[in-house]
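*Asks:* I am attaching a structure below and will ask some questions about it afterwards.
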Amino acid sequence: MAIQVRNSDELKRLSEALALELVDANIAFRMHEQLIAAYEGDYGNAMREAWTFWSLTIQGHLDSAVFRLCRIYDQDDKNLGLRGLLDTIRSNQHLFSQEQFAARMQSRPQPELLIANYEPLDQAQIDIDMKYATRATNPVVDRLIAVRHNYYSHRNARDVVAERAVAETYPYQRHEVGDLLDGGLSIVNRYNMLLDLNTWSRNIVGGDDYHYVLRAAQERLDRLIAERAF
């Protein structure tokens with residue numbers, strides 16, 4: 001059952017809310033990967049000096065991304081996830097008509113140029129995107145939902161009693177998180193463009209600020225090593 005919307009403004013709110021979930025998840029996952037790269041690269045020694053902090057930080061960013069992914073790929077169409085948004089779009093295709101698009105562009109500068117870029121909704125693409133977001137037709141989503149049901153949203157008591165490790169019982173690779181984040185943002189941006197000529201970036205201003213912290217930690221470690229050498 002599609003989420004009920006009365007007009008394109010309400011559909012846009014749903015799309016923007018889901019896009020922000022994806023942006024936040026992408027930022028968290030990118031920070032997770034960047035900190036791992038820093039540890040494996042030039043800053044391993046400095047990070048090991050405060051490994052409790054850095055290990056919790058690295059894991060926290062991954063958990064933040066996966067928790068959001070669990071909402072984004074919720075399989076209940078009544079909830080705001082990719083499936084819910086796609087089902088709502090499929091049930092409200094009139095909101096993507098050329099007439100409605102033209103009306104939405106009237107408040108923009110040079111609306112005639114924007115209207116000339118109108119593209120119709122593609123039913124076949126909706127079906128492709130729905131299959132991507134569905135656990136029955138995407139094994140990566142299936143593995144995510146299995147982890148969600150047995151660890152992130154609910155802890156499987158039988159697994160605990162049997163001493164079954166989560167990573168072994170519900171194998172899920174780190175790169176799959178990135179793949180689902182990329183795929184999800186691409187889907188949402190596709191329909192944002194058709195609805196409002198708008199897309200969302202996965203970047204954030206200050207996303208590399210952690211370099212200042214790591215450089216400062218490395219410089220302090222280098223000074224301590226130099227002092228002990230005398």
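Residue numbering restarts at 1 for every chain of the structure tokens, chains are lettered A, B, ... in their displayed order, and ligands are numbered from 1 as they appear.
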Do a neighbour search on Phe67 (chain A) at 9 Å with only C-alpha atoms, toss out local chain neighbours closer than 3 positions, and write the hits as a list in words.

*Replies:*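 Surrounding residues, per the criterion: Ala25, Leu62, Asp63, Ser64, Cys70, Arg71, Ile72, Arg148, Tyr152 and Ser153 of chain A.
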
*Asks:* Near region 125-139 of chain A, counting only C-alpha atoms, which residues have an atom at most 9 Å away, once you skip same-chain residues fewer than 2 positions from it, shown as a list in words?

*Replies:*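 Listing them by chain and then by number gives Tyr73, Asp74, Gln75, Leu82, Arg83, Leu86, Asp87, Ile89, Arg90, Leu121, Asp122, Gln123, Val141, Asp142, Arg143, Leu144, Ile145, Leu180, Gly183, Gly184 and Ile187 of chain A.
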
*Asks:* Quick one, how far is CA of Leu22 (chain A) from CA of Leu185 (chain A)?

*Replies:*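 Separating CA of Leu22 (chain A) from CA of Leu185 (chain A) is a distance of 6.1 Å.
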
*Asks:* Just checking: using only C-alpha atoms, which residue out of A:Val66, A:Glu40, A:Leu113, A:Gly60 ends up closest to Gly178 (chain A)?

*Replies:*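 Looking at the shortest contact to Gly178 (chain A), the residue is A:Val66.
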
*Asks:* Using only C-alpha atoms, find the one residue out of A:Ile115, A:Arg228, A:Tyr191, A:Ser186 that sits nearest to Ala103 (chain A).

*Replies:*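 Distance minimum relative to Ala103 (chain A) lands on A:Ile115.
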
*Asks:* Between CA of Arg174 (chain A) and CA of Glu33 (chain A), what is the distance in Å, rounded to a tenth?

*Replies:*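 Atom-to-atom, CA of Arg174 (chain A) to CA of Glu33 (chain A), that is 9.3 Å.
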
*Asks:* Quick one: residues within 10 Å of Glu16 (chain A), only C-alpha atoms, excluding same-chain residues fewer than 2 positions away - as a list in words?

*Replies:*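 Listed by chain and then number, they are Glu10, Leu11, Lys12, Arg13, Leu14, Leu18, Ala19, Leu20, Glu21, Leu22, Val188, Asn189, Asn192, Asn198, Thr199 and Trp200 of chain A.
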
*Asks:* May I ask for the distance between CA of Gly41 (chain A) and CA of Glu168 (chain A), given in Å to one decimal place?

*Replies:*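 Between CA of Gly41 (chain A) and CA of Glu168 (chain A) the gap works out to 28.1 Å.
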